[in-house]
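Next comes query.cif, a file with mmCIF, N, CA, C and O atoms.
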data_model
loop_
_atom_site.label_atom_id
_atom_site.label_comp_id
_atom_site.auth_asym_id
_atom_site.auth_seq_id
_atom_site.Cartn_x
_atom_site.Cartn_y
_atom_site.Cartn_z
N MET A 4 90.48 -88.26 -319.73
CA MET A 4 91.75 -88.31 -319.05
C MET A 4 91.50 -88.55 -317.56
O MET A 4 90.61 -87.96 -316.97
N SER A 5 92.29 -89.41 -316.97
CA SER A 5 92.19 -89.72 -315.55
C SER A 5 93.36 -89.10 -314.80
O SER A 5 94.46 -88.95 -315.34
N VAL A 6 93.11 -88.77 -313.56
CA VAL A 6 94.16 -88.27 -312.68
C VAL A 6 94.28 -89.24 -311.52
O VAL A 6 93.28 -89.58 -310.87
N ALA A 7 95.49 -89.72 -311.28
CA ALA A 7 95.72 -90.66 -310.18
C ALA A 7 96.47 -89.96 -309.06
O ALA A 7 97.20 -88.99 -309.28
N ARG A 8 96.31 -90.48 -307.89
CA ARG A 8 97.00 -89.96 -306.72
C ARG A 8 97.52 -91.13 -305.90
O ARG A 8 96.91 -92.21 -305.90
N THR A 9 98.62 -90.92 -305.20
CA THR A 9 99.11 -91.96 -304.29
C THR A 9 99.15 -91.38 -302.89
O THR A 9 99.36 -90.18 -302.69
N THR A 10 98.91 -92.24 -301.93
CA THR A 10 98.99 -91.85 -300.54
C THR A 10 99.66 -92.96 -299.76
O THR A 10 99.57 -94.13 -300.12
N GLU A 11 100.35 -92.60 -298.70
CA GLU A 11 101.06 -93.58 -297.89
C GLU A 11 100.21 -93.97 -296.69
O GLU A 11 99.63 -93.11 -296.02
N ILE A 12 100.12 -95.27 -296.45
CA ILE A 12 99.41 -95.77 -295.27
C ILE A 12 100.29 -96.79 -294.57
O ILE A 12 101.16 -97.40 -295.18
N THR A 13 100.07 -96.95 -293.29
CA THR A 13 100.79 -97.94 -292.49
C THR A 13 99.77 -98.87 -291.86
O THR A 13 98.73 -98.43 -291.38
N ALA A 14 100.06 -100.16 -291.91
CA ALA A 14 99.17 -101.16 -291.32
C ALA A 14 100.00 -102.17 -290.55
O ALA A 14 101.17 -102.39 -290.86
N SER A 15 99.39 -102.78 -289.55
CA SER A 15 100.12 -103.77 -288.74
C SER A 15 99.25 -104.97 -288.45
O SER A 15 98.03 -104.93 -288.56
N SER A 16 99.93 -106.06 -288.06
CA SER A 16 99.26 -107.31 -287.73
C SER A 16 100.13 -108.10 -286.76
O SER A 16 101.35 -108.07 -286.87
N PRO A 17 99.51 -108.82 -285.85
CA PRO A 17 100.29 -109.69 -284.97
C PRO A 17 100.65 -111.02 -285.65
O PRO A 17 101.44 -111.79 -285.11
N LYS A 18 100.09 -111.28 -286.86
CA LYS A 18 100.27 -112.57 -287.52
C LYS A 18 101.40 -112.61 -288.53
O LYS A 18 102.26 -113.47 -288.48
N SER A 19 101.37 -111.69 -289.54
CA SER A 19 102.33 -111.76 -290.64
C SER A 19 102.33 -110.47 -291.46
O SER A 19 101.42 -109.64 -291.33
N PHE A 20 103.35 -110.33 -292.32
CA PHE A 20 103.38 -109.21 -293.25
C PHE A 20 102.19 -109.29 -294.20
O PHE A 20 101.58 -108.28 -294.53
N ASP A 21 101.88 -110.47 -294.67
CA ASP A 21 100.76 -110.67 -295.59
C ASP A 21 99.45 -110.21 -294.97
O ASP A 21 98.65 -109.53 -295.61
N ASP A 22 99.24 -110.55 -293.71
CA ASP A 22 98.02 -110.13 -293.02
C ASP A 22 98.00 -108.61 -292.85
O ASP A 22 96.95 -107.98 -293.02
N ALA A 23 99.14 -108.01 -292.53
CA ALA A 23 99.21 -106.56 -292.40
C ALA A 23 98.89 -105.89 -293.73
O ALA A 23 98.15 -104.89 -293.77
N LEU A 24 99.41 -106.43 -294.81
CA LEU A 24 99.12 -105.90 -296.15
C LEU A 24 97.62 -105.97 -296.45
O LEU A 24 97.02 -104.99 -296.88
N ASN A 25 97.02 -107.11 -296.20
CA ASN A 25 95.58 -107.27 -296.45
C ASN A 25 94.75 -106.33 -295.58
O ASN A 25 93.76 -105.76 -296.05
N ARG A 26 95.13 -106.15 -294.33
CA ARG A 26 94.41 -105.23 -293.44
C ARG A 26 94.51 -103.79 -293.96
O ARG A 26 93.54 -103.04 -293.93
N GLY A 27 95.70 -103.43 -294.41
CA GLY A 27 95.89 -102.08 -294.93
C GLY A 27 95.05 -101.80 -296.17
O GLY A 27 94.41 -100.74 -296.27
N ILE A 28 95.04 -102.73 -297.09
CA ILE A 28 94.25 -102.56 -298.32
C ILE A 28 92.76 -102.54 -298.01
O ILE A 28 92.00 -101.71 -298.53
N LYS A 29 92.33 -103.42 -297.13
CA LYS A 29 90.91 -103.47 -296.75
C LYS A 29 90.47 -102.16 -296.12
O LYS A 29 89.41 -101.62 -296.44
N ARG A 30 91.31 -101.61 -295.24
CA ARG A 30 90.97 -100.35 -294.58
C ARG A 30 91.00 -99.18 -295.57
O ARG A 30 90.13 -98.31 -295.54
N ALA A 31 91.99 -99.16 -296.47
CA ALA A 31 92.08 -98.09 -297.46
C ALA A 31 90.85 -98.09 -298.35
O ALA A 31 90.34 -97.03 -298.72
N ALA A 32 90.36 -99.27 -298.70
CA ALA A 32 89.19 -99.38 -299.58
C ALA A 32 87.92 -98.81 -298.93
O ALA A 32 86.98 -98.44 -299.63
N LYS A 33 87.88 -98.73 -297.61
CA LYS A 33 86.72 -98.15 -296.92
C LYS A 33 86.68 -96.63 -297.11
O LYS A 33 85.61 -96.04 -297.11
N THR A 34 87.84 -96.01 -297.22
CA THR A 34 87.93 -94.55 -297.30
C THR A 34 88.18 -94.04 -298.71
O THR A 34 87.60 -93.05 -299.13
N LEU A 35 89.04 -94.73 -299.44
CA LEU A 35 89.43 -94.28 -300.78
C LEU A 35 88.65 -95.05 -301.84
O LEU A 35 88.51 -96.27 -301.75
N GLN A 36 88.17 -94.35 -302.84
CA GLN A 36 87.45 -94.99 -303.94
C GLN A 36 88.38 -95.17 -305.13
O GLN A 36 89.37 -94.46 -305.27
N ASN A 37 88.07 -96.12 -305.97
CA ASN A 37 88.80 -96.36 -307.22
C ASN A 37 90.26 -96.74 -307.00
O ASN A 37 91.15 -96.26 -307.70
N LEU A 38 90.52 -97.62 -306.02
CA LEU A 38 91.88 -98.11 -305.81
C LEU A 38 92.32 -98.89 -307.04
O LEU A 38 91.56 -99.69 -307.59
N THR A 39 93.55 -98.64 -307.49
CA THR A 39 94.05 -99.34 -308.67
C THR A 39 95.30 -100.15 -308.40
O THR A 39 95.66 -101.03 -309.17
N GLY A 40 96.00 -99.87 -307.30
CA GLY A 40 97.22 -100.62 -307.02
C GLY A 40 97.90 -100.14 -305.75
O GLY A 40 97.51 -99.12 -305.17
N ALA A 41 98.92 -100.88 -305.36
CA ALA A 41 99.69 -100.51 -304.17
C ALA A 41 101.05 -101.18 -304.25
O ALA A 41 101.21 -102.21 -304.91
N TRP A 42 102.02 -100.59 -303.61
CA TRP A 42 103.32 -101.24 -303.49
C TRP A 42 103.83 -101.06 -302.07
O TRP A 42 103.50 -100.09 -301.39
N VAL A 43 104.58 -102.05 -301.62
CA VAL A 43 105.11 -102.04 -300.26
C VAL A 43 106.38 -101.19 -300.25
O VAL A 43 107.37 -101.52 -300.91
N LYS A 44 106.33 -100.10 -299.52
CA LYS A 44 107.46 -99.18 -299.43
C LYS A 44 108.46 -99.65 -298.39
O LYS A 44 109.66 -99.51 -298.57
N ASP A 45 107.95 -100.25 -297.31
CA ASP A 45 108.82 -100.65 -296.21
C ASP A 45 108.13 -101.71 -295.36
O ASP A 45 106.91 -101.77 -295.32
N GLN A 46 108.93 -102.54 -294.73
CA GLN A 46 108.42 -103.54 -293.79
C GLN A 46 109.28 -103.48 -292.53
O GLN A 46 110.48 -103.21 -292.60
N GLU A 47 108.67 -103.75 -291.39
CA GLU A 47 109.42 -103.83 -290.14
C GLU A 47 108.70 -104.72 -289.15
O GLU A 47 107.52 -105.01 -289.31
N VAL A 48 109.43 -105.18 -288.17
CA VAL A 48 108.83 -105.97 -287.11
C VAL A 48 109.10 -105.30 -285.77
O VAL A 48 110.08 -104.58 -285.61
N VAL A 49 108.21 -105.54 -284.82
CA VAL A 49 108.40 -105.09 -283.44
C VAL A 49 108.76 -106.33 -282.63
O VAL A 49 108.08 -107.36 -282.72
N ILE A 50 109.83 -106.24 -281.88
CA ILE A 50 110.32 -107.38 -281.09
C ILE A 50 110.26 -107.04 -279.61
O ILE A 50 110.66 -105.96 -279.19
N LYS A 51 109.74 -107.99 -278.83
CA LYS A 51 109.69 -107.84 -277.38
C LYS A 51 110.12 -109.16 -276.76
O LYS A 51 109.61 -110.22 -277.12
N ASP A 52 111.06 -109.11 -275.86
CA ASP A 52 111.58 -110.30 -275.18
C ASP A 52 112.06 -111.36 -276.18
O ASP A 52 111.84 -112.56 -276.00
N GLY A 53 112.69 -110.89 -277.27
CA GLY A 53 113.25 -111.81 -278.25
C GLY A 53 112.25 -112.44 -279.20
O GLY A 53 112.60 -113.31 -279.98
N LYS A 54 110.99 -111.99 -279.16
CA LYS A 54 109.96 -112.54 -280.04
C LYS A 54 109.29 -111.42 -280.83
O LYS A 54 109.10 -110.32 -280.33
N ILE A 55 108.90 -111.75 -282.06
CA ILE A 55 108.18 -110.79 -282.89
C ILE A 55 106.77 -110.64 -282.35
O ILE A 55 106.05 -111.63 -282.19
N THR A 56 106.38 -109.39 -282.07
CA THR A 56 105.04 -109.13 -281.55
C THR A 56 104.13 -108.46 -282.57
O THR A 56 102.91 -108.48 -282.42
N SER A 57 104.73 -107.85 -283.60
CA SER A 57 103.92 -107.16 -284.60
C SER A 57 104.69 -107.04 -285.92
O SER A 57 105.90 -106.82 -285.91
N TYR A 58 103.96 -107.17 -287.00
CA TYR A 58 104.49 -106.99 -288.35
C TYR A 58 103.87 -105.71 -288.91
O TYR A 58 102.66 -105.53 -288.85
N LYS A 59 104.70 -104.82 -289.45
CA LYS A 59 104.20 -103.56 -289.99
C LYS A 59 104.62 -103.41 -291.45
O LYS A 59 105.72 -103.77 -291.82
N VAL A 60 103.71 -102.85 -292.24
CA VAL A 60 104.02 -102.52 -293.64
C VAL A 60 103.64 -101.06 -293.89
O VAL A 60 102.67 -100.55 -293.34
N ARG A 61 104.46 -100.40 -294.69
CA ARG A 61 104.17 -99.06 -295.18
C ARG A 61 103.85 -99.21 -296.66
O ARG A 61 104.67 -99.72 -297.42
N LEU A 62 102.65 -98.78 -297.04
CA LEU A 62 102.17 -98.97 -298.42
C LEU A 62 101.98 -97.63 -299.10
O LEU A 62 101.55 -96.65 -298.49
N MET A 63 102.24 -97.61 -300.40
CA MET A 63 101.87 -96.48 -301.25
C MET A 63 100.68 -96.98 -302.06
O MET A 63 100.80 -97.92 -302.85
N VAL A 64 99.53 -96.41 -301.82
CA VAL A 64 98.28 -96.83 -302.46
C VAL A 64 97.92 -95.84 -303.55
O VAL A 64 97.93 -94.62 -303.33
N THR A 65 97.59 -96.35 -304.74
CA THR A 65 97.21 -95.50 -305.87
C THR A 65 95.70 -95.60 -306.10
O THR A 65 95.13 -96.69 -306.06
N PHE A 66 95.09 -94.43 -306.34
CA PHE A 66 93.66 -94.41 -306.64
C PHE A 66 93.39 -93.32 -307.67
O PHE A 66 94.16 -92.37 -307.82
N ILE A 67 92.29 -93.49 -308.40
CA ILE A 67 91.92 -92.56 -309.46
C ILE A 67 90.95 -91.51 -308.90
O ILE A 67 89.96 -91.86 -308.23
N LEU A 68 91.23 -90.25 -309.17
CA LEU A 68 90.35 -89.17 -308.75
C LEU A 68 89.27 -88.96 -309.82
O LEU A 68 89.54 -89.08 -311.01
N LYS A 69 88.07 -88.66 -309.38
CA LYS A 69 86.97 -88.41 -310.34
C LYS A 69 86.52 -86.99 -310.24
O LYS A 69 86.63 -86.34 -309.29
#

Take the structure in this file and express it as structure tokens.
Amino acid sequence: MSVARTTEITASSPKSFDDALNRGIKRAAKTLQNLTGAWVKDQEVVIKDGKITSYKVRLMVTFILK
């Protein structure tokens, strides 16, 4: 029997939501073992002087505990 856990992480990128998502997963994989999936809980942008300066994603990452 396996036990899974989810944790929330936030990642950002100056390029795109996709890049922020990839950065978040890459960073989570450095700390958490046995990642099995993730879903995007929320997305937002930071705007300065009428331009988007940062893309942020809030992820729920699932991993298996051993």

Residues flagged strand (DSSP E) by DSSP in chain A, as a PDB file with N, CA, C and O atoms, in the frame of the given file:
ATOM      1  N   VAL A   6      93.110 -88.770-313.560  1.00  0.00           N
ATOM      2  CA  VAL A   6      94.160 -88.270-312.680  1.00  0.00           C
ATOM      3  C   VAL A   6      94.280 -89.240-311.520  1.00  0.00           C
ATOM      4  O   VAL A   6      93.280 -89.580-310.870  1.00  0.00           O
ATOM      5  N   ALA A   7      95.490 -89.720-311.280  1.00  0.00           N
ATOM      6  CA  ALA A   7      95.720 -90.660-310.180  1.00  0.00           C
ATOM      7  C   ALA A   7      96.470 -89.960-309.060  1.00  0.00           C
ATOM      8  O   ALA A   7      97.200 -88.990-309.280  1.00  0.00           O
ATOM      9  N   ARG A   8      96.310 -90.480-307.890  1.00  0.00           N
ATOM     10  CA  ARG A   8      97.000 -89.960-306.720  1.00  0.00           C
ATOM     11  C   ARG A   8      97.520 -91.130-305.900  1.00  0.00           C
ATOM     12  O   ARG A   8      96.910 -92.210-305.900  1.00  0.00           O
ATOM     13  N   THR A   9      98.620 -90.920-305.200  1.00  0.00           N
ATOM     14  CA  THR A   9      99.110 -91.960-304.290  1.00  0.00           C
ATOM     15  C   THR A   9      99.150 -91.380-302.890  1.00  0.00           C
ATOM     16  O   THR A   9      99.360 -90.180-302.690  1.00  0.00           O
ATOM     17  N   THR A  10      98.910 -92.240-301.930  1.00  0.00           N
ATOM     18  CA  THR A  10      98.990 -91.850-300.540  1.00  0.00           C
ATOM     19  C   THR A  10      99.660 -92.960-299.760  1.00  0.00           C
ATOM     20  O   THR A  10      99.570 -94.130-300.120  1.00  0.00           O
ATOM     21  N   GLU A  11     100.350 -92.600-298.700  1.00  0.00           N
ATOM     22  CA  GLU A  11     101.060 -93.580-297.890  1.00  0.00           C
ATOM     23  C   GLU A  11     100.210 -93.970-296.690  1.00  0.00           C
ATOM     24  O   GLU A  11      99.630 -93.110-296.020  1.00  0.00           O
ATOM     25  N   ILE A  12     100.120 -95.270-296.450  1.00  0.00           N
ATOM     26  CA  ILE A  12      99.410 -95.770-295.270  1.00  0.00           C
ATOM     27  C   ILE A  12     100.290 -96.790-294.570  1.00  0.00           C
ATOM     28  O   ILE A  12     101.160 -97.400-295.180  1.00  0.00           O
ATOM     29  N   THR A  13     100.070 -96.950-293.290  1.00  0.00           N
ATOM     30  CA  THR A  13     100.790 -97.940-292.490  1.00  0.00           C
ATOM     31  C   THR A  13      99.770 -98.870-291.860  1.00  0.00           C
ATOM     32  O   THR A  13      98.730 -98.430-291.380  1.00  0.00           O
ATOM     33  N   ALA A  14     100.060-100.160-291.910  1.00  0.00           N
ATOM     34  CA  ALA A  14      99.170-101.160-291.320  1.00  0.00           C
ATOM     35  C   ALA A  14     100.000-102.170-290.550  1.00  0.00           C
ATOM     36  O   ALA A  14     101.170-102.390-290.860  1.00  0.00           O
ATOM     37  N   SER A  15      99.390-102.780-289.550  1.00  0.00           N
ATOM     38  CA  SER A  15     100.120-103.770-288.740  1.00  0.00           C
ATOM     39  C   SER A  15      99.250-104.970-288.450  1.00  0.00           C
ATOM     40  O   SER A  15      98.030-104.930-288.560  1.00  0.00           O
ATOM     41  N   SER A  16      99.930-106.060-288.060  1.00  0.00           N
ATOM     42  CA  SER A  16      99.260-107.310-287.730  1.00  0.00           C
ATOM     43  C   SER A  16     100.130-108.100-286.760  1.00  0.00           C
ATOM     44  O   SER A  16     101.350-108.070-286.870  1.00  0.00           O
ATOM     45  N   LEU A  38      90.520 -97.620-306.020  1.00  0.00           N
ATOM     46  CA  LEU A  38      91.880 -98.110-305.810  1.00  0.00           C
ATOM     47  C   LEU A  38      92.320 -98.890-307.040  1.00  0.00           C
ATOM     48  O   LEU A  38      91.560 -99.690-307.590  1.00  0.00           O
ATOM     49  N   THR A  39      93.550 -98.640-307.490  1.00  0.00           N
ATOM     50  CA  THR A  39      94.050 -99.340-308.670  1.00  0.00           C
ATOM     51  C   THR A  39      95.300-100.150-308.400  1.00  0.00           C
ATOM     52  O   THR A  39      95.660-101.030-309.170  1.00  0.00           O
ATOM     53  N   GLY A  40      96.000 -99.870-307.300  1.00  0.00           N
ATOM     54  CA  GLY A  40      97.220-100.620-307.020  1.00  0.00           C
ATOM     55  C   GLY A  40      97.900-100.140-305.750  1.00  0.00           C
ATOM     56  O   GLY A  40      97.510 -99.120-305.170  1.00  0.00           O
ATOM     57  N   ALA A  41      98.920-100.880-305.360  1.00  0.00           N
ATOM     58  CA  ALA A  41      99.690-100.510-304.170  1.00  0.00           C
ATOM     59  C   ALA A  41     101.050-101.180-304.250  1.00  0.00           C
ATOM     60  O   ALA A  41     101.210-102.210-304.910  1.00  0.00           O
ATOM     61  N   TRP A  42     102.020-100.590-303.610  1.00  0.00           N
ATOM     62  CA  TRP A  42     103.320-101.240-303.490  1.00  0.00           C
ATOM     63  C   TRP A  42     103.830-101.060-302.070  1.00  0.00           C
ATOM     64  O   TRP A  42     103.500-100.090-301.390  1.00  0.00           O
ATOM     65  N   VAL A  43     104.580-102.050-301.620  1.00  0.00           N
ATOM     66  CA  VAL A  43     105.110-102.040-300.260  1.00  0.00           C
ATOM     67  C   VAL A  43     106.380-101.190-300.250  1.00  0.00           C
ATOM     68  O   VAL A  43     107.370-101.520-300.910  1.00  0.00           O
ATOM     69  N   LYS A  44     106.330-100.100-299.520  1.00  0.00           N
ATOM     70  CA  LYS A  44     107.460 -99.180-299.430  1.00  0.00           C
ATOM     71  C   LYS A  44     108.460 -99.650-298.390  1.00  0.00           C
ATOM     72  O   LYS A  44     109.660 -99.510-298.570  1.00  0.00           O
ATOM     73  N   ASP A  45     107.950-100.250-297.310  1.00  0.00           N
ATOM     74  CA  ASP A  45     108.820-100.650-296.210  1.00  0.00           C
ATOM     75  C   ASP A  45     108.130-101.710-295.360  1.00  0.00           C
ATOM     76  O   ASP A  45     106.910-101.770-295.320  1.00  0.00           O
ATOM     77  N   GLN A  46     108.930-102.540-294.730  1.00  0.00           N
ATOM     78  CA  GLN A  46     108.420-103.540-293.790  1.00  0.00           C
ATOM     79  C   GLN A  46     109.280-103.480-292.530  1.00  0.00           C
ATOM     80  O   GLN A  46     110.480-103.210-292.600  1.00  0.00           O
ATOM     81  N   GLU A  47     108.670-103.750-291.390  1.00  0.00           N
ATOM     82  CA  GLU A  47     109.420-103.830-290.140  1.00  0.00           C
ATOM     83  C   GLU A  47     108.700-104.720-289.150  1.00  0.00           C
ATOM     84  O   GLU A  47     107.520-105.010-289.310  1.00  0.00           O
ATOM     85  N   VAL A  48     109.430-105.180-288.170  1.00  0.00           N
ATOM     86  CA  VAL A  48     108.830-105.970-287.110  1.00  0.00           C
ATOM     87  C   VAL A  48     109.100-105.300-285.770  1.00  0.00           C
ATOM     88  O   VAL A  48     110.080-104.580-285.610  1.00  0.00           O
ATOM     89  N   VAL A  49     108.210-105.540-284.820  1.00  0.00           N
ATOM     90  CA  VAL A  49     108.400-105.090-283.440  1.00  0.00           C
ATOM     91  C   VAL A  49     108.760-106.330-282.630  1.00  0.00           C
ATOM     92  O   VAL A  49     108.080-107.360-282.720  1.00  0.00           O
ATOM     93  N   ILE A  50     109.830-106.240-281.880  1.00  0.00           N
ATOM     94  CA  ILE A  50     110.320-107.380-281.090  1.00  0.00           C
ATOM     95  C   ILE A  50     110.260-107.040-279.610  1.00  0.00           C
ATOM     96  O   ILE A  50     110.660-105.960-279.190  1.00  0.00           O
ATOM     97  N   LYS A  51     109.740-107.990-278.830  1.00  0.00           N
ATOM     98  CA  LYS A  51     109.690-107.840-277.380  1.00  0.00           C
ATOM     99  C   LYS A  51     110.120-109.160-276.760  1.00  0.00           C
ATOM    100  O   LYS A  51     109.610-110.220-277.120  1.00  0.00           O
ATOM    101  N   LYS A  54     110.990-111.990-279.160  1.00  0.00           N
ATOM    102  CA  LYS A  54     109.960-112.540-280.040  1.00  0.00           C
ATOM    103  C   LYS A  54     109.290-111.420-280.830  1.00  0.00           C
ATOM    104  O   LYS A  54     109.100-110.320-280.330  1.00  0.00           O
ATOM    105  N   ILE A  55     108.900-111.750-282.060  1.00  0.00           N
ATOM    106  CA  ILE A  55     108.180-110.790-282.890  1.00  0.00           C
ATOM    107  C   ILE A  55     106.770-110.640-282.350  1.00  0.00           C
ATOM    108  O   ILE A  55     106.050-111.630-282.190  1.00  0.00           O
ATOM    109  N   THR A  56     106.380-109.390-282.070  1.00  0.00           N
ATOM    110  CA  THR A  56     105.040-109.130-281.550  1.00  0.00           C
ATOM    111  C   THR A  56     104.130-108.460-282.570  1.00  0.00           C
ATOM    112  O   THR A  56     102.910-108.480-282.420  1.00  0.00           O
ATOM    113  N   SER A  57     104.730-107.850-283.600  1.00  0.00           N
ATOM    114  CA  SER A  57     103.920-107.160-284.600  1.00  0.00           C
ATOM    115  C   SER A  57     104.690-107.040-285.920  1.00  0.00           C
ATOM    116  O   SER A  57     105.900-106.820-285.910  1.00  0.00           O
ATOM    117  N   TYR A  58     103.960-107.170-287.000  1.00  0.00           N
ATOM    118  CA  TYR A  58     104.490-106.990-288.350  1.00  0.00           C
ATOM    119  C   TYR A  58     103.870-105.710-288.910  1.00  0.00           C
ATOM    120  O   TYR A  58     102.660-105.530-288.850  1.00  0.00           O
ATOM    121  N   LYS A  59     104.700-104.820-289.450  1.00  0.00           N
ATOM    122  CA  LYS A  59     104.200-103.560-289.990  1.00  0.00           C
ATOM    123  C   LYS A  59     104.620-103.410-291.450  1.00  0.00           C
ATOM    124  O   LYS A  59     105.720-103.770-291.820  1.00  0.00           O
ATOM    125  N   VAL A  60     103.710-102.850-292.240  1.00  0.00           N
ATOM    126  CA  VAL A  60     104.020-102.520-293.640  1.00  0.00           C
ATOM    127  C   VAL A  60     103.640-101.060-293.890  1.00  0.00           C
ATOM    128  O   VAL A  60     102.670-100.550-293.340  1.00  0.00           O
ATOM    129  N   ARG A  61     104.460-100.400-294.690  1.00  0.00           N
ATOM    130  CA  ARG A  61     104.170 -99.060-295.180  1.00  0.00           C
ATOM    131  C   ARG A  61     103.850 -99.210-296.660  1.00  0.00           C
ATOM    132  O   ARG A  61     104.670 -99.720-297.420  1.00  0.00           O
ATOM    133  N   LEU A  62     102.650 -98.780-297.040  1.00  0.00           N
ATOM    134  CA  LEU A  62     102.170 -98.970-298.420  1.00  0.00           C
ATOM    135  C   LEU A  62     101.980 -97.630-299.100  1.00  0.00           C
ATOM    136  O   LEU A  62     101.550 -96.650-298.490  1.00  0.00           O
ATOM    137  N   MET A  63     102.240 -97.610-300.400  1.00  0.00           N
ATOM    138  CA  MET A  63     101.870 -96.480-301.250  1.00  0.00           C
ATOM    139  C   MET A  63     100.680 -96.980-302.060  1.00  0.00           C
ATOM    140  O   MET A  63     100.800 -97.920-302.850  1.00  0.00           O
ATOM    141  N   VAL A  64      99.530 -96.410-301.820  1.00  0.00           N
ATOM    142  CA  VAL A  64      98.280 -96.830-302.460  1.00  0.00           C
ATOM    143  C   VAL A  64      97.920 -95.840-303.550  1.00  0.00           C
ATOM    144  O   VAL A  64      97.930 -94.620-303.330  1.00  0.00           O
ATOM    145  N   THR A  65      97.590 -96.350-304.740  1.00  0.00           N
ATOM    146  CA  THR A  65      97.210 -95.500-305.870  1.00  0.00           C
ATOM    147  C   THR A  65      95.700 -95.600-306.100  1.00  0.00           C
ATOM    148  O   THR A  65      95.130 -96.690-306.060  1.00  0.00           O
ATOM    149  N   PHE A  66      95.090 -94.430-306.340  1.00  0.00           N
ATOM    150  CA  PHE A  66      93.660 -94.410-306.640  1.00  0.00           C
ATOM    151  C   PHE A  66      93.390 -93.320-307.670  1.00  0.00           C
ATOM    152  O   PHE A  66      94.160 -92.370-307.820  1.00  0.00           O
ATOM    153  N   ILE A  67      92.290 -93.490-308.400  1.00  0.00           N
ATOM    154  CA  ILE A  67      91.920 -92.560-309.460  1.00  0.00           C
ATOM    155  C   ILE A  67      90.950 -91.510-308.900  1.00  0.00           C
ATOM    156  O   ILE A  67      89.960 -91.860-308.230  1.00  0.00           O
ATOM    157  N   LEU A  68      91.230 -90.250-309.170  1.00  0.00           N
ATOM    158  CA  LEU A  68      90.350 -89.170-308.750  1.00  0.00           C
ATOM    159  C   LEU A  68      89.270 -88.960-309.820  1.00  0.00           C
ATOM    160  O   LEU A  68      89.540 -89.080-311.010  1.00  0.00           O
TER     161      LEU A  68
END

Selection in question (the file shown): the PyMOL selection byres (((chain A and resi 47 and name CA) around 8) and name CA). Which residues does it include, as an mmCIF file with N, CA, C and O atoms, in the coordinates of the input?
data_model
loop_
_atom_site.group_PDB
_atom_site.id
_atom_site.type_symbol
_atom_site.label_atom_id
_atom_site.label_comp_id
_atom_site.auth_asym_id
_atom_site.auth_seq_id
_atom_site.Cartn_x
_atom_site.Cartn_y
_atom_site.Cartn_z
ATOM 1 N N ASP A 45 107.950 -100.250 -297.310
ATOM 2 C CA ASP A 45 108.820 -100.650 -296.210
ATOM 3 C C ASP A 45 108.130 -101.710 -295.360
ATOM 4 O O ASP A 45 106.910 -101.770 -295.320
ATOM 5 N N GLN A 46 108.930 -102.540 -294.730
ATOM 6 C CA GLN A 46 108.420 -103.540 -293.790
ATOM 7 C C GLN A 46 109.280 -103.480 -292.530
ATOM 8 O O GLN A 46 110.480 -103.210 -292.600
ATOM 9 N N VAL A 48 109.430 -105.180 -288.170
ATOM 10 C CA VAL A 48 108.830 -105.970 -287.110
ATOM 11 C C VAL A 48 109.100 -105.300 -285.770
ATOM 12 O O VAL A 48 110.080 -104.580 -285.610
ATOM 13 N N VAL A 49 108.210 -105.540 -284.820
ATOM 14 C CA VAL A 49 108.400 -105.090 -283.440
ATOM 15 C C VAL A 49 108.760 -106.330 -282.630
ATOM 16 O O VAL A 49 108.080 -107.360 -282.720
ATOM 17 N N TYR A 58 103.960 -107.170 -287.000
ATOM 18 C CA TYR A 58 104.490 -106.990 -288.350
ATOM 19 C C TYR A 58 103.870 -105.710 -288.910
ATOM 20 O O TYR A 58 102.660 -105.530 -288.850
ATOM 21 N N LYS A 59 104.700 -104.820 -289.450
ATOM 22 C CA LYS A 59 104.200 -103.560 -289.990
ATOM 23 C C LYS A 59 104.620 -103.410 -291.450
ATOM 24 O O LYS A 59 105.720 -103.770 -291.820
ATOM 25 N N VAL A 60 103.710 -102.850 -292.240
ATOM 26 C CA VAL A 60 104.020 -102.520 -293.640
ATOM 27 C C VAL A 60 103.640 -101.060 -293.890
ATOM 28 O O VAL A 60 102.670 -100.550 -293.340
#

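Among the candidates A:Ile55, A:Val6, A:Leu38, A:Val43, the residue lying nearest to A:Lys18 is A:Ile55 (atoms considered: only N, CA, C and O atoms).
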
>> Which residues are close to A:Ala41, i.e. within 6 Å by all atoms listed in the file, leaving aside same-chain residues fewer than 2 positions away? Reply as number ranges by chain.
In response: A: 39, 43, 63-65

Since I can't run it myself right now, could you work out what the PyMOL selection byres ((chain A and resi 12) around 4.5) selects here and report it as an mmCIF file with N, CA, C and O atoms, in the frame of the given file?
data_model
loop_
_atom_site.group_PDB
_atom_site.id
_atom_site.type_symbol
_atom_site.label_atom_id
_atom_site.label_comp_id
_atom_site.auth_asym_id
_atom_site.auth_seq_id
_atom_site.Cartn_x
_atom_site.Cartn_y
_atom_site.Cartn_z
ATOM 1 N N THR A 10 98.910 -92.240 -301.930
ATOM 2 C CA THR A 10 98.990 -91.850 -300.540
ATOM 3 C C THR A 10 99.660 -92.960 -299.760
ATOM 4 O O THR A 10 99.570 -94.130 -300.120
ATOM 5 N N GLU A 11 100.350 -92.600 -298.700
ATOM 6 C CA GLU A 11 101.060 -93.580 -297.890
ATOM 7 C C GLU A 11 100.210 -93.970 -296.690
ATOM 8 O O GLU A 11 99.630 -93.110 -296.020
ATOM 9 N N THR A 13 100.070 -96.950 -293.290
ATOM 10 C CA THR A 13 100.790 -97.940 -292.490
ATOM 11 C C THR A 13 99.770 -98.870 -291.860
ATOM 12 O O THR A 13 98.730 -98.430 -291.380
ATOM 13 N N ALA A 14 100.060 -100.160 -291.910
ATOM 14 C CA ALA A 14 99.170 -101.160 -291.320
ATOM 15 C C ALA A 14 100.000 -102.170 -290.550
ATOM 16 O O ALA A 14 101.170 -102.390 -290.860
ATOM 17 N N VAL A 60 103.710 -102.850 -292.240
ATOM 18 C CA VAL A 60 104.020 -102.520 -293.640
ATOM 19 C C VAL A 60 103.640 -101.060 -293.890
ATOM 20 O O VAL A 60 102.670 -100.550 -293.340
ATOM 21 N N ARG A 61 104.460 -100.400 -294.690
ATOM 22 C CA ARG A 61 104.170 -99.060 -295.180
ATOM 23 C C ARG A 61 103.850 -99.210 -296.660
ATOM 24 O O ARG A 61 104.670 -99.720 -297.420
ATOM 25 N N LEU A 62 102.650 -98.780 -297.040
ATOM 26 C CA LEU A 62 102.170 -98.970 -298.420
ATOM 27 C C LEU A 62 101.980 -97.630 -299.100
ATOM 28 O O LEU A 62 101.550 -96.650 -298.490
#
